[in-house]
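One structure is given below, encoded as structure tokens.
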Amino acid sequence: MKRTPPKKSPRADAKYDEVATAIRDEIIAGHWAAGTQLPTWDALCERYDVGRPTLTRALDVLKAEGFVAARTTRGTYVVDTPPNLNRYVLLFPSEPGRRGVGGWNLFWESIAMEALSTQNEGHRFDVRFQVTPHRDCPAYATLLEDMAKRRIAGVLCVHGGALARWQPPIPFPHVSLCASAPPADIPSVGIDWPSFYTAATGILREGSRKRIAILASEQPAAEAAAALFREGGLSIPERFRLSMPGAFCEGAENLMRLLLSLPRAERPDGLLVCDDNLLPGTLAAVLAEKLSIPKDLLIIAHGNSPAAPRAAIPGVRRLGFDTAQMLRAALQILERQKTSPSRVETIAIPATDQLTFL
């Protein structure tokens, strides 16, 4: 006769995980405020009806998560800045060094380095690379658990690749960081490209440049720039409106050599490079054609600040967007979402003259 197997007992870790969850929830709810001492271990054991070994494991979990800390013999305290108040996750769809379409770029590098350089300013960034919004992705599975257990204060998501237009599956403070104008229907911080083109127009006019060329990562961007230049009184010939994907920056050198090999009276005397990933190839072409910057060619190049490492290039004017300002704006949006979770707020960061950062 077949015997019915006995009922399995609950997981051995179920109880301490339950206690850790209860204490965490009470910290988040403000029952135990930041910096305050928790009750004695005997009181906690009685409160949750567990023995010391179970309580020890529960507190170890909360210590690892950053909610509590032991102060020698004085007891266990809630940390001054629990992770639900100051820990933010920054998601990237790619990883440093990855090439090609959907690969790494200098905008993402500037954001990542700025986040890592501001760890001691009252908030912490947990930077995670190559995140795909699918449970099979370990980094994404961890993110879902962090949100469910409120181990983080908010999510910043770099807008691109698999993370384009990502929204959390549960209500949670979140914001996208965009290399374009911020989408109007999702919480986002983007950049104000018209201000970039307007500033470039002024510099080219001051330099009395007449034959202007534009190199962008997409043809629509080159056409949009030409339209704004026209409003500013500068005409860009169609043959000088060029594009080359930033992912294929090596091709920029060949494209620019064709342009700069024209006779002196026909080649451009001013150039706007709208993607800093294309600048190395552009400079290689200038050197190959033995042109002088800015005498023969005034170059205005996109470049974000201040964290991305780059050397000053003599004669090249840099315009770009302050990624530190972007992160500050994103944190402000996340803070306001705590009281207005359904609010959709967007911020566009204006261009700044990067000479102040070089």
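Starting from 1 in every chain, residues are counted up; chains themselves are A, B, ... following the order of the structure tokens, and ligands are numbered from 1 as listed.
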I'd like a table as a tab-separated table: residues in segment 222-269 of chain A with an atom no more than 7 Å from segment 207-215 of chain A, each row giving the shortest atom pair and its distance in Å to one decimal, only C-alpha atoms counted, sorted by chain and rising residue number.
```
residue	atom	partner	partner_atom	distance
A:Ala222	CA	A:Ile214	CA	6.2
A:Ile236	CA	A:Ile212	CA	5.8
A:Phe240	CA	A:Ala213	CA	4.6
A:Arg241	CA	A:Ile214	CA	5.1
A:Leu242	CA	A:Leu215	CA	4.9
A:Ser243	CA	A:Leu215	CA	5.3
A:Pro268	CA	A:Arg211	CA	4.7
A:Asp269	CA	A:Arg211	CA	5.5
```
Excluding Ala288 of chain A and any residue of its chain fewer than 2 positions from it, enumerate the residues within 10 Å of it, using only C-alpha atoms, and give them as a count of residues only. 11
Could you give me, as JSON lines, a per-residue list for segment 54-78 of chain A showing, wherever an atom lies at most 10 Å from an atom of segment 14-25 of chain A, the closest pair of atoms and their distance in Å to one decimal, using only C-alpha atoms and sorting by chain then residue number from low to high?
```
{"residue": "A:Thr54", "atom": "CA", "partner": "A:Tyr16", "partner_atom": "CA", "distance": 5.2}
{"residue": "A:Leu55", "atom": "CA", "partner": "A:Tyr16", "partner_atom": "CA", "distance": 6.5}
{"residue": "A:Thr56", "atom": "CA", "partner": "A:Tyr16", "partner_atom": "CA", "distance": 8.3}
{"residue": "A:Arg57", "atom": "CA", "partner": "A:Tyr16", "partner_atom": "CA", "distance": 6.1}
{"residue": "A:Ala58", "atom": "CA", "partner": "A:Ala20", "partner_atom": "CA", "distance": 4.6}
{"residue": "A:Leu59", "atom": "CA", "partner": "A:Ala20", "partner_atom": "CA", "distance": 6.6}
{"residue": "A:Asp60", "atom": "CA", "partner": "A:Ala20", "partner_atom": "CA", "distance": 8.8}
{"residue": "A:Val61", "atom": "CA", "partner": "A:Ala20", "partner_atom": "CA", "distance": 6.8}
{"residue": "A:Leu62", "atom": "CA", "partner": "A:Ala20", "partner_atom": "CA", "distance": 6.5}
{"residue": "A:Glu65", "atom": "CA", "partner": "A:Arg24", "partner_atom": "CA", "distance": 9.7}
{"residue": "A:Phe67", "atom": "CA", "partner": "A:Arg24", "partner_atom": "CA", "distance": 7.3}
{"residue": "A:Val68", "atom": "CA", "partner": "A:Arg24", "partner_atom": "CA", "distance": 9.2}
{"residue": "A:Val78", "atom": "CA", "partner": "A:Arg24", "partner_atom": "CA", "distance": 9.9}
```
Find the residue from A:Leu298, A:Thr201, A:Leu106, A:Ala221 that sits nearest to Cys249 of chain A; use only C-alpha atoms when measuring.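 For Cys249 of chain A, the nearest of the candidates is A:Leu106.
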Residue with smallest distance to Thr346 of chain A - pool A:Gly161, A:Cys137, A:Val175, A:Gln325, counting only C-alpha atoms: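 Using only C-alpha atoms, Thr346 of chain A sits closest to A:Val175.
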Two-atom distance - atom CA of Gln130 of chain A, atom CA of Ala247 of chain A (Å): 16.6 Å
Would you list the contacts of Leu279 of chain A as a short mmCIF file (atom, residue, chain, number, x, y, z; two decimals) with all heavy atoms, in the first residue's frame, taking every protein, DNA or RNA residue within 12 Å and counting only C-alpha atoms, but skipping same-chain residues closer than 4 positions in sequence?
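What follows is the written file selection-v5.cif:
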```cif
data_model
loop_
_atom_site.label_atom_id
_atom_site.label_comp_id
_atom_site.auth_asym_id
_atom_site.auth_seq_id
_atom_site.Cartn_x
_atom_site.Cartn_y
_atom_site.Cartn_z
N LEU A 106 29.56 57.71 -24.84
CA LEU A 106 30.14 58.67 -23.90
C LEU A 106 29.10 59.36 -23.03
O LEU A 106 29.41 59.80 -21.92
CB LEU A 106 30.94 59.72 -24.69
CG LEU A 106 32.21 59.17 -25.38
CD1 LEU A 106 32.88 60.27 -26.19
CD2 LEU A 106 33.18 58.60 -24.35
N LEU A 215 27.88 67.53 -38.49
CA LEU A 215 28.03 66.09 -38.41
C LEU A 215 27.25 65.60 -37.20
O LEU A 215 27.58 65.94 -36.06
CB LEU A 215 29.50 65.69 -38.28
CG LEU A 215 29.79 64.19 -38.13
CD1 LEU A 215 29.26 63.40 -39.33
CD2 LEU A 215 31.27 63.93 -37.93
N ALA A 216 26.19 64.83 -37.44
CA ALA A 216 25.34 64.32 -36.37
C ALA A 216 25.30 62.80 -36.43
O ALA A 216 25.77 62.19 -37.39
CB ALA A 216 23.93 64.90 -36.48
N SER A 217 24.72 62.18 -35.42
CA SER A 217 24.64 60.72 -35.40
C SER A 217 23.44 60.20 -36.18
O SER A 217 23.38 59.02 -36.52
CB SER A 217 24.57 60.20 -33.95
OG SER A 217 23.48 60.79 -33.28
N MET A 244 26.53 60.15 -39.24
CA MET A 244 27.24 58.89 -39.07
C MET A 244 26.90 58.37 -37.67
O MET A 244 27.09 59.09 -36.69
CB MET A 244 28.75 59.10 -39.19
CG MET A 244 29.60 57.87 -38.88
SD MET A 244 29.39 56.52 -40.05
CE MET A 244 30.02 57.28 -41.55
N PRO A 245 26.34 57.15 -37.54
CA PRO A 245 26.01 56.64 -36.22
C PRO A 245 27.21 56.67 -35.28
O PRO A 245 28.32 56.29 -35.66
CB PRO A 245 25.54 55.20 -36.49
CG PRO A 245 25.08 55.23 -37.92
CD PRO A 245 25.99 56.20 -38.62
N GLY A 246 26.97 57.14 -34.06
CA GLY A 246 28.06 57.19 -33.09
C GLY A 246 28.66 55.83 -32.79
O GLY A 246 29.82 55.74 -32.40
N PHE A 248 29.50 53.74 -34.90
CA PHE A 248 30.48 53.45 -35.95
C PHE A 248 31.37 54.67 -36.13
O PHE A 248 31.51 55.20 -37.24
CB PHE A 248 29.78 53.07 -37.25
CG PHE A 248 28.83 51.92 -37.10
CD1 PHE A 248 27.47 52.12 -37.13
CD2 PHE A 248 29.30 50.63 -36.89
CE1 PHE A 248 26.58 51.07 -36.97
CE2 PHE A 248 28.42 49.57 -36.74
CZ PHE A 248 27.06 49.79 -36.78
N CYS A 249 31.96 55.11 -35.03
CA CYS A 249 32.71 56.37 -35.04
C CYS A 249 33.91 56.32 -35.97
O CYS A 249 34.37 57.37 -36.44
CB CYS A 249 33.15 56.73 -33.62
SG CYS A 249 33.98 55.39 -32.74
N GLU A 250 34.44 55.12 -36.26
CA GLU A 250 35.60 55.04 -37.16
C GLU A 250 35.26 55.57 -38.55
O GLU A 250 36.11 56.11 -39.26
CB GLU A 250 36.10 53.60 -37.28
CG GLU A 250 36.70 53.03 -36.00
CD GLU A 250 35.65 52.47 -35.06
OE1 GLU A 250 34.44 52.60 -35.38
OE2 GLU A 250 36.02 51.92 -34.00
N GLY A 251 34.00 55.40 -38.95
CA GLY A 251 33.58 55.88 -40.28
C GLY A 251 33.58 57.38 -40.39
O GLY A 251 33.59 57.92 -41.51
N ALA A 252 33.58 58.10 -39.25
CA ALA A 252 33.56 59.56 -39.29
C ALA A 252 34.83 60.10 -39.94
O ALA A 252 34.79 61.13 -40.63
CB ALA A 252 33.42 60.12 -37.88
N GLU A 253 35.96 59.42 -39.74
CA GLU A 253 37.21 59.92 -40.33
C GLU A 253 37.13 59.92 -41.85
O GLU A 253 37.48 60.92 -42.50
CB GLU A 253 38.39 59.07 -39.86
CG GLU A 253 39.71 59.53 -40.47
CD GLU A 253 40.90 58.74 -39.99
OE1 GLU A 253 40.73 57.88 -39.11
OE2 GLU A 253 42.02 58.98 -40.50
N MET A 256 34.68 62.65 -43.09
CA MET A 256 35.21 64.01 -42.96
C MET A 256 36.39 64.24 -43.89
O MET A 256 36.59 65.37 -44.37
CB MET A 256 35.59 64.27 -41.51
CG MET A 256 34.41 64.28 -40.53
SD MET A 256 33.05 65.35 -41.08
CE MET A 256 33.86 66.94 -41.17
N LEU A 271 32.57 73.82 -38.40
CA LEU A 271 32.02 72.48 -38.29
C LEU A 271 31.41 72.28 -36.91
O LEU A 271 32.05 72.56 -35.89
CB LEU A 271 33.12 71.43 -38.51
CG LEU A 271 32.75 69.97 -38.26
CD1 LEU A 271 31.68 69.50 -39.24
CD2 LEU A 271 33.98 69.07 -38.34
N LEU A 272 30.18 71.77 -36.90
CA LEU A 272 29.52 71.42 -35.64
C LEU A 272 29.43 69.90 -35.55
O LEU A 272 28.78 69.25 -36.37
CB LEU A 272 28.12 72.03 -35.58
CG LEU A 272 27.28 71.65 -34.35
CD1 LEU A 272 27.95 72.14 -33.06
CD2 LEU A 272 25.86 72.20 -34.46
N VAL A 273 30.09 69.32 -34.54
CA VAL A 273 30.03 67.87 -34.30
C VAL A 273 29.04 67.65 -33.16
O VAL A 273 29.30 68.02 -32.02
CB VAL A 273 31.41 67.31 -33.93
CG1 VAL A 273 31.33 65.80 -33.71
CG2 VAL A 273 32.43 67.63 -35.02
N CYS A 274 27.89 67.06 -33.49
CA CYS A 274 26.79 66.95 -32.53
C CYS A 274 26.83 65.70 -31.65
O CYS A 274 25.93 65.49 -30.84
CB CYS A 274 25.45 66.98 -33.28
SG CYS A 274 25.23 68.44 -34.30
N ASP A 275 27.84 64.87 -31.83
CA ASP A 275 27.97 63.65 -31.04
C ASP A 275 29.44 63.47 -30.70
O ASP A 275 30.28 63.30 -31.59
CB ASP A 275 27.45 62.44 -31.85
CG ASP A 275 27.43 61.16 -31.04
OD1 ASP A 275 28.24 61.02 -30.11
OD2 ASP A 275 26.62 60.27 -31.37
N LEU A 283 38.76 64.60 -35.74
CA LEU A 283 40.09 65.19 -35.52
C LEU A 283 41.16 64.46 -36.32
O LEU A 283 42.11 65.10 -36.82
CB LEU A 283 40.41 65.18 -34.04
CG LEU A 283 39.53 66.06 -33.14
CD1 LEU A 283 39.89 65.86 -31.68
CD2 LEU A 283 39.66 67.51 -33.54
N ALA A 284 41.02 63.15 -36.47
CA ALA A 284 41.98 62.39 -37.27
C ALA A 284 41.95 62.87 -38.72
O ALA A 284 42.99 62.98 -39.38
CB ALA A 284 41.67 60.90 -37.20
N ALA A 285 40.74 63.17 -39.23
CA ALA A 285 40.62 63.67 -40.60
C ALA A 285 41.25 65.04 -40.74
O ALA A 285 41.91 65.35 -41.74
CB ALA A 285 39.14 63.71 -41.00
N VAL A 286 41.05 65.90 -39.74
CA VAL A 286 41.64 67.25 -39.78
C VAL A 286 43.16 67.16 -39.82
O VAL A 286 43.83 67.87 -40.59
CB VAL A 286 41.17 68.07 -38.56
CG1 VAL A 286 41.92 69.39 -38.48
CG2 VAL A 286 39.67 68.33 -38.64
N ILE A 299 35.94 74.33 -35.01
CA ILE A 299 35.17 73.14 -34.63
C ILE A 299 34.46 73.41 -33.31
O ILE A 299 35.09 73.80 -32.32
CB ILE A 299 36.06 71.90 -34.49
CG1 ILE A 299 36.72 71.56 -35.83
CG2 ILE A 299 35.24 70.71 -33.99
CD1 ILE A 299 37.65 70.35 -35.75
N ILE A 300 33.16 73.19 -33.32
CA ILE A 300 32.37 73.19 -32.09
C ILE A 300 31.93 71.75 -31.88
O ILE A 300 31.27 71.17 -32.74
CB ILE A 300 31.14 74.11 -32.19
CG1 ILE A 300 31.57 75.53 -32.54
CG2 ILE A 300 30.35 74.08 -30.89
CD1 ILE A 300 30.41 76.45 -32.83
N ALA A 301 32.29 71.15 -30.75
CA ALA A 301 32.03 69.74 -30.53
C ALA A 301 31.18 69.53 -29.28
O ALA A 301 31.40 70.18 -28.25
CB ALA A 301 33.35 68.97 -30.39
N HIS A 302 30.24 68.62 -29.41
CA HIS A 302 29.44 68.22 -28.26
C HIS A 302 30.33 67.49 -27.25
O HIS A 302 31.23 66.75 -27.63
CB HIS A 302 28.32 67.28 -28.73
CG HIS A 302 27.67 66.51 -27.64
ND1 HIS A 302 27.93 65.18 -27.38
CD2 HIS A 302 26.76 66.89 -26.70
CE1 HIS A 302 27.21 64.78 -26.37
NE2 HIS A 302 26.49 65.79 -25.93
N GLY A 303 30.07 67.73 -25.98
CA GLY A 303 30.80 67.02 -24.93
C GLY A 303 30.16 67.31 -23.59
O GLY A 303 29.98 68.46 -23.22
N ARG A 310 38.24 63.66 -20.32
CA ARG A 310 38.65 64.04 -21.66
C ARG A 310 39.67 65.17 -21.52
O ARG A 310 39.56 66.01 -20.63
CB ARG A 310 37.47 64.50 -22.50
CG ARG A 310 36.79 65.74 -21.96
CD ARG A 310 35.65 66.19 -22.87
NE ARG A 310 35.08 67.41 -22.36
CZ ARG A 310 34.21 67.49 -21.36
NH1 ARG A 310 33.82 66.39 -20.78
NH2 ARG A 310 33.76 68.65 -20.94
N ILE A 313 41.22 70.03 -25.93
CA ILE A 313 41.76 69.96 -27.29
C ILE A 313 41.95 71.38 -27.77
O ILE A 313 40.98 72.12 -27.94
CB ILE A 313 40.80 69.21 -28.23
CG1 ILE A 313 40.54 67.81 -27.67
CG2 ILE A 313 41.36 69.12 -29.63
CD1 ILE A 313 39.44 67.06 -28.38
N VAL A 316 39.44 73.65 -30.10
CA VAL A 316 38.10 73.06 -30.24
C VAL A 316 37.20 73.61 -29.15
O VAL A 316 37.52 73.52 -27.96
CB VAL A 316 38.15 71.52 -30.16
CG1 VAL A 316 36.73 70.94 -30.19
CG2 VAL A 316 38.97 70.96 -31.31
N ARG A 317 36.08 74.18 -29.56
CA ARG A 317 35.10 74.71 -28.61
C ARG A 317 34.15 73.60 -28.21
O ARG A 317 33.62 72.89 -29.06
CB ARG A 317 34.34 75.86 -29.25
CG ARG A 317 33.50 76.69 -28.31
CD ARG A 317 34.37 77.56 -27.41
NE ARG A 317 33.55 78.47 -26.62
CZ ARG A 317 33.29 79.71 -26.96
NH1 ARG A 317 33.76 80.20 -28.10
NH2 ARG A 317 32.56 80.49 -26.18
N ARG A 318 33.91 73.44 -26.91
CA ARG A 318 33.04 72.37 -26.43
C ARG A 318 31.72 72.93 -25.89
O ARG A 318 31.71 73.84 -25.07
CB ARG A 318 33.72 71.56 -25.34
CG ARG A 318 35.05 70.93 -25.73
CD ARG A 318 34.94 69.99 -26.89
NE ARG A 318 34.26 68.76 -26.56
CZ ARG A 318 34.87 67.64 -26.15
NH1 ARG A 318 36.19 67.62 -26.03
NH2 ARG A 318 34.19 66.56 -25.89
#
```
Interatomic distance, atom CA of Pro237 of chain A to atom CA of Pro263 of chain A (Å, one decimal):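 Taking atom CA of Pro237 of chain A and atom CA of Pro263 of chain A, their separation equals 16.1 Å.
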Write out as number ranges by chain which residues come within 12 Å of Arg74 of chain A when counting only C-alpha atoms, dropping same-chain ones fewer than 6 positions away. A: 36-41
I want to know what sits within 12 Å of Gly154 of chain A, based on only C-alpha atoms, with residues of the same chain fewer than 2 positions away left out; could you give that as a compact mmCIF listing (two decimals) with C-alpha atoms, in the first residue's frame?
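Below is the file result.txt, written as the result:
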```
# COMPACT_ATOMS: atom_id res chain seq x y z
CA PRO A 83 18.49 52.60 2.00
CA ASN A 84 14.79 53.31 1.45
CA LEU A 85 15.69 56.99 1.85
CA ASN A 86 19.04 57.38 0.12
CA ARG A 87 19.93 54.35 -2.04
CA TYR A 88 19.16 54.69 -5.75
CA VAL A 89 19.61 52.14 -8.51
CA LEU A 90 20.96 53.39 -11.84
CA LEU A 91 20.24 51.02 -14.73
CA HIS A 123 22.68 59.56 -1.39
CA ARG A 124 24.20 56.41 -2.87
CA PHE A 125 23.99 55.08 -6.40
CA ASP A 126 24.00 51.37 -7.10
CA LEU A 143 15.82 45.03 -8.85
CA LEU A 144 12.29 43.62 -8.56
CA ASP A 146 14.68 45.49 -4.04
CA MET A 147 11.53 47.35 -5.04
CA ALA A 148 9.18 44.83 -3.41
CA ARG A 150 11.69 48.77 -0.33
CA ARG A 151 15.45 48.33 -0.09
CA ILE A 152 15.94 51.29 -2.42
CA LEU A 156 16.99 55.90 -12.51
CA CYS A 157 16.86 54.23 -15.90
CA PRO A 168 8.32 49.52 -13.10
CA PRO A 171 4.15 51.65 -8.31
CA PHE A 172 7.61 52.91 -7.42
CA PRO A 173 9.59 56.18 -7.78
CA HIS A 174 11.34 56.08 -11.16
CA VAL A 175 12.73 58.41 -13.81
CA SER A 176 14.37 58.00 -17.22
CA ALA A 330 16.26 63.26 -11.56
CA LEU A 331 16.59 63.00 -7.75
CA GLN A 332 14.24 65.96 -7.34
CA ILE A 333 11.64 64.23 -9.53
CA LEU A 334 11.99 61.03 -7.49
CA GLU A 335 11.56 62.95 -4.24
CA ARG A 336 8.36 64.62 -5.50
CA GLN A 337 7.00 61.25 -6.62
CA LYS A 338 6.94 60.12 -2.99
CA PRO A 341 3.23 58.96 -7.24
```
Got a sec to tell me which of segment 39-145 of chain A DSSP assigns to strand (DSSP E), as a list in words? Val68, Ala69, Ala70, Thr76, Tyr77, Val78, Arg87, Tyr88, Val89, Leu90, Leu91, Arg124, Phe125, Asp126, Val127 and Arg128 of chain A
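In this model, the gap between atom CA of Ala115 of chain A and atom CA of Thr323 of chain A comes to 9.0 Å.
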Compile the contact shell of Glu109 of chain A as a ChimeraX atom specification: residues with an atom at most 12 Å away, counting only C-alpha atoms, same-chain residues fewer than 5 positions apart removed. /A:92,94-98,103-104,114-116,127,129,158,276-277,303-310,323
Export, as a short mmCIF file (atom, residue, chain, number, x, y, z; two decimals), in the first residue's frame, the selected residues with N, CA, C and O atoms.
```
data_model
loop_
_atom_site.label_atom_id
_atom_site.label_comp_id
_atom_site.auth_asym_id
_atom_site.auth_seq_id
_atom_site.Cartn_x
_atom_site.Cartn_y
_atom_site.Cartn_z
N PHE A 92 21.63 50.60 -16.68
CA PHE A 92 22.12 50.80 -18.04
C PHE A 92 21.78 49.58 -18.89
O PHE A 92 21.91 48.44 -18.42
N SER A 94 23.46 48.59 -21.43
CA SER A 94 24.69 48.02 -21.97
C SER A 94 25.75 48.06 -20.88
O SER A 94 25.45 48.35 -19.72
N GLU A 95 27.00 47.78 -21.26
CA GLU A 95 28.09 47.79 -20.28
C GLU A 95 29.30 48.48 -20.89
O GLU A 95 29.46 48.53 -22.12
N PRO A 96 30.16 49.06 -20.07
CA PRO A 96 31.35 49.76 -20.58
C PRO A 96 32.18 48.85 -21.48
O PRO A 96 32.40 47.68 -21.18
N GLY A 97 32.62 49.42 -22.60
CA GLY A 97 33.47 48.68 -23.53
C GLY A 97 32.73 47.95 -24.61
O GLY A 97 33.34 47.55 -25.61
N ARG A 98 31.42 47.79 -24.46
CA ARG A 98 30.67 47.08 -25.49
C ARG A 98 30.52 47.97 -26.72
O ARG A 98 30.10 49.11 -26.62
N GLY A 103 25.59 49.58 -28.03
CA GLY A 103 26.74 49.47 -27.16
C GLY A 103 26.93 50.70 -26.29
O GLY A 103 26.08 51.59 -26.23
N TRP A 104 28.07 50.76 -25.63
CA TRP A 104 28.37 51.85 -24.71
C TRP A 104 28.64 53.14 -25.46
O TRP A 104 29.10 53.12 -26.60
N GLU A 114 29.59 60.26 -13.11
CA GLU A 114 29.07 61.30 -12.21
C GLU A 114 28.35 60.66 -11.03
O GLU A 114 28.49 61.10 -9.89
N ALA A 115 27.58 59.59 -11.29
CA ALA A 115 26.89 58.89 -10.20
C ALA A 115 27.90 58.32 -9.20
O ALA A 115 27.71 58.43 -7.98
N LEU A 116 28.96 57.72 -9.71
CA LEU A 116 29.96 57.11 -8.83
C LEU A 116 30.77 58.15 -8.06
O LEU A 116 31.30 57.86 -6.99
N VAL A 127 25.04 51.22 -9.29
CA VAL A 127 25.06 51.21 -10.76
C VAL A 127 25.04 49.77 -11.27
O VAL A 127 25.88 48.96 -10.88
N PHE A 129 24.79 47.35 -14.83
CA PHE A 129 24.98 47.36 -16.27
C PHE A 129 24.27 46.19 -16.95
O PHE A 129 23.98 45.18 -16.33
N VAL A 158 18.53 54.62 -17.63
CA VAL A 158 19.04 55.26 -18.84
C VAL A 158 18.18 54.82 -20.02
O VAL A 158 17.99 53.63 -20.26
N ASP A 276 29.78 63.51 -29.40
CA ASP A 276 31.19 63.43 -29.02
C ASP A 276 31.84 62.10 -29.36
O ASP A 276 33.06 62.00 -29.43
N ASN A 277 31.02 61.06 -29.62
CA ASN A 277 31.60 59.79 -30.05
C ASN A 277 32.25 59.91 -31.44
O ASN A 277 33.10 59.11 -31.81
N GLY A 303 30.07 67.73 -25.98
CA GLY A 303 30.80 67.02 -24.93
C GLY A 303 30.16 67.31 -23.59
O GLY A 303 29.98 68.46 -23.22
N ASN A 304 29.78 66.26 -22.87
CA ASN A 304 29.11 66.45 -21.58
C ASN A 304 30.13 66.64 -20.47
O ASN A 304 31.29 66.29 -20.60
N SER A 305 29.67 67.16 -19.36
CA SER A 305 30.54 67.45 -18.24
C SER A 305 29.82 67.04 -16.95
O SER A 305 28.63 66.77 -16.97
N PRO A 306 30.52 67.03 -15.81
CA PRO A 306 31.96 67.23 -15.71
C PRO A 306 32.72 65.93 -15.48
O PRO A 306 33.94 65.93 -15.40
N ALA A 307 32.02 64.79 -15.35
CA ALA A 307 32.72 63.58 -14.90
C ALA A 307 33.45 62.85 -16.00
O ALA A 307 34.44 62.17 -15.75
N ALA A 308 32.98 62.90 -17.25
CA ALA A 308 33.60 62.12 -18.32
C ALA A 308 35.03 62.60 -18.55
O ALA A 308 35.26 63.79 -18.76
N PRO A 309 36.01 61.69 -18.50
CA PRO A 309 37.40 62.11 -18.66
C PRO A 309 37.71 62.48 -20.10
O PRO A 309 37.43 61.72 -21.01
N ARG A 310 38.24 63.66 -20.32
CA ARG A 310 38.65 64.04 -21.66
C ARG A 310 39.67 65.17 -21.52
O ARG A 310 39.56 66.01 -20.63
N THR A 323 25.91 66.56 -16.74
CA THR A 323 25.28 65.34 -16.24
C THR A 323 25.07 65.38 -14.72
O THR A 323 24.17 64.70 -14.21
#
```
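Nearest to Val155 of chain A of all the residues A:Leu327, A:Ile347, A:Ala227, A:Leu204 is A:Leu327, counting only C-alpha atoms.
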